[in-house]
Structures are given as C-alpha cells and as structure tokens.
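S.K.: Dropping the structure in here first, questions after.
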Amino acid sequence: MKKIEMLHHIELKELFDSYGCSMNSLVNIQIGYDEKVYILLSASIPERIKGMFVNTEANSKYSAICLTVNWENGMITHHQLMEFGVHKMNFHYIQPIGENILLLGARCMYRKETGPEMNAVIVDTTGNVQAEFCLGDGIQDCIVTDEGNIITSYFDEGVFGNYGWEKPIGHCGLIVWSQKGDIKWEANRMIDDCYGLNVDEKNHIWYYYYSDFEMVKTDMKDEIVYQPQNDGFETFLITKDTRTLIHDGGYRKHSEFFAETINHHELSGLEKVDLVYNGGTILNIMCSVRSAKMVVVDSKNRLYVKEIISLG
C-alpha cells in the first residue's frame with residue numbers, strides 16, 4: 001500500500017463564514033487552467049422536479065471563492081470572493097476561460113417551441129454576461145484548457161436523450177468546443193456514459209467510459225487505449241512523471257483511492273493508496289482533479305490540495 005502525505009488543510013466552514021456564506025451554498029469545487037481552485041456557490045439550490053430530476057432553472061445568486069495555491073507545499077496563499085449576481089440557469093460547473101469565467105449547467109431542456117436552453121454562460125469577474133450558448137444536456141464534467149477549448153463529457157441521459165432531447169448534442173459522449181460554442185472535435189467510440197475526464201500537462205485528453213470500461217488518451221488525432229483493473233471509478237489523475245494512474249475505488253468505493261502503473265500502452269499493479277494527514281487516513285467526500293493536481297474535502301469539511309509528482 002502506498003501513502004500520499006497531505007501537509008496542510010483549510011477549514012471550509014471558517015472560510016465560508018469569513019465571507020458570510022453558508023456551507024449549504026456549496027455547489028462544486030474545480031481547478032482552473034490558471035492552477036487556482038474555484039469554489040462555486042449558489043444562494044439557493046432549486047428543488048428537484050417531482051423530487052427526482054435536476055431542475056434546469058435556479059434564478060439564484062451565484063458567487064465563487066477563488067483560492068490561490070502553492071502546489072509545492074499544499075498551502076492556500078490567498079483567497080477572494082467573486083460575485084456574479086443572479087442568473088436563470090442552474091449552474092453546476094465553474095472554469096476560468098481566458099480572463100473570464102464559464103458557468104455551466106449540467107442539465108438543459110429542449111422545447112420544440114423555443115429550442116434548447118442556453119446552459120453555458122461566460123461572464124466577467126463581476127458577473128456581466130459576455131456570451132451564452134448551449135453545450136447540451138446530461139453533462140458529467142467540464143474542463144477548459146489554457147487555449148480556451150471547452151471539454152464536456154456526458155452521462156447516459158446526455159448520450160441517449162431526456163429533457164425533451166430526441167437528438168441529444170452529447171450523443172458521442174465527449175466533445176471539445178471553441179470558446180464561442182462551436183464543436184471542434186467529438187469522440188468516435190461507443191460511449192454510453194463517460195465516467196471520468198482529465199487533461200495532462202500537454203493538454204492531452206484522458207477519459208474513462210462505460211460500457212467498455214476503457215481509458216483513452218487522445219490529442220484529438222491519435223489515441224492510446226488502456227484497460228484499467230478497476231471498474232466504475234469517476235475521478236482519476238496522472239502523476240506528473242506520467243508513470244502512475246491514480247483513481248477512486250470505483251463502484252461503492254469512491255471514498256478510497258488506488259494506483260496503477262502506466263507501462264507504455266498498458267496498466268498494471270493495482271495497489272491501494274491512502275491519503276494521510278497527521279497519521280490519519282483521509283476519506284474522500286468530494287474530490288476534484290486536473291492533470292496531477294487534486295483537491296479533496298473530507299467528512300469534517302477540511303479541504304486539502306496536492307500536486308502528485310510521483311508515487312516513488
């Protein structure tokens with residue numbers, strides 16, 4: 001078993017309290033191309049439709065706490081609140097895009113009378129809308145590259161259709177968009193549900209999908225296909241030395257982590273990995289990754305950051 005030592009943490013409740021925010025306002029935590037951590041907040045989380053389906057509209061006040069991180073030692077060196085004002089869509093993702101911010105809703109309706117809802121909104125840092133477009137329904141994850149490309153992956157409803165979509169935009173399971181909302185590339189595999197998504201230091205796209213349970217690395221021209229030894233994981237990263245794949249434990253074990261060695265075009269040596277702080281094991285409650293960087297929140301609402309160079 002391998003261990004990854006987390007050196008520092010911050011108390012999320014104390015951070016939220018310092019800005020007058022409730023812990024209930026937390027929507028998502030993501031890492032940007034600028035290596036900052038963005039904590040998306042919503043003043044009101046809308047009720048589910050019929051108690052089941054995620055509402056596409058929120059009409060809520062959105063904001064974000066932006067964390068500047070020293071990735072070498074895992075310390076938060078600065079934080080600030082960004083306020084975006086009230087927006088109609090129910091947003092789930094936040095990514096910096098150029099000097100602006102992309103706010104994206106995972107769900108959007110298609111109505112015959114009016115067409116698709118615009119679930120992607122680009123705003124400046126004070127919330128003024130710069131652009132609006134539709135990136136499809138059923139979005140599983142979103143990453144924006146330093147070049148401004150928007151990568152979206154889709155879960156099964158986004159692939160096969162719901163919310164009024166007879167021909168869903170996300171039918172291919174994975175799309176790369178321009179920052180104007182034009183399609184630049186689509187995956188060409190039989191993806192029923194794109195479980196996991198990441199990019200490496202060279203902006204190669206890595207994705208893991210159902211039902212073949214394959215991991216694919218692509219530069220949008222060529223691809224390498226890997227066969228992971230664990231099924232059903234949603235979060236993964238590639239260490240900075242590119243020698244190790246670290247992912248959650250898969251079905252019913254998302255709070256744990258495992259590692260596999262990358263040997264050319266093969267994966268081998270499945271091994272458990274513990275995140276450790278002050279001698280105790282951290283169980284993942286919320287995790288976000290980008291390249292070799294990870295943000296983990298535990299059950300006590302403590303946030304840790306780490307760039308994993310190597311497992312040694």
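Letters A, B, ... go to the chains of the structure tokens in the order shown; residues in each chain start at 1; ligands are counted from 1 in the same order.
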Using only C-alpha atoms, tabulate the residues of segment 163-236 of chain A lying at most 7 Å from any atom of segment 261-282 of chain A, each with its closest atom pair and that distance in Å to one decimal, by chain and increasing residue number, as a tab-separated table.
M.R.:
```
residue	atom	partner	partner_atom	distance
A:Ile224	CA	A:His265	CA	6.6
A:Val225	CA	A:His265	CA	7.0
A:Tyr226	CA	A:Glu266	CA	5.8
A:Gln227	CA	A:Leu267	CA	6.5
A:Pro228	CA	A:Leu267	CA	6.2
A:Gln229	CA	A:Leu270	CA	6.6
```
S.K.: List every residue of segment 127-158 of chain A that has an atom at most 12 Å from any atom of segment 48-70 of chain A, giving for each one its closest atom pair and the distance in Å to one decimal, counting only C-alpha atoms, sorted by chain and then by ascending residue number, as CSV.
M.R.:
```
residue,atom,partner,partner_atom,distance
A:Gly127,CA,A:Tyr62,CA,8.7
A:Gly136,CA,A:Thr56,CA,11.8
A:Asp137,CA,A:Thr56,CA,9.6
A:Gly138,CA,A:Val54,CA,10.1
A:Ile139,CA,A:Val54,CA,11.9
A:Glu157,CA,A:Phe53,CA,11.2
```
S.K.: Quick one: everything within 8 Å of Asp298 of chain A, counting only C-alpha atoms, minus sequence neighbours fewer than 6 positions away in the same chain. Send it as JSON, numbers by chain.
M.R.: {"A": [282, 283, 284, 285, 286]}
S.K.: Please provide as number ranges by chain all residues within 10 Å of segment 164-180 of chain A, with the sequence filter that same-chain residues fewer than 5 positions apart are discarded (counting only C-alpha atoms).
M.R.: A: 97-98, 102, 108-112, 115-116, 122, 131-144, 147-159, 185-195, 197, 205, 207, 209-210, 220
S.K.: Could you pull the residues within 6 Å of Thr239 of chain A, counting only C-alpha atoms, minus those fewer than 6 positions along the same chain, as a list in words?
M.R.: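 In the requested format, the answer is Ala292, Ile308, Ile309 and Ser310 of chain A.
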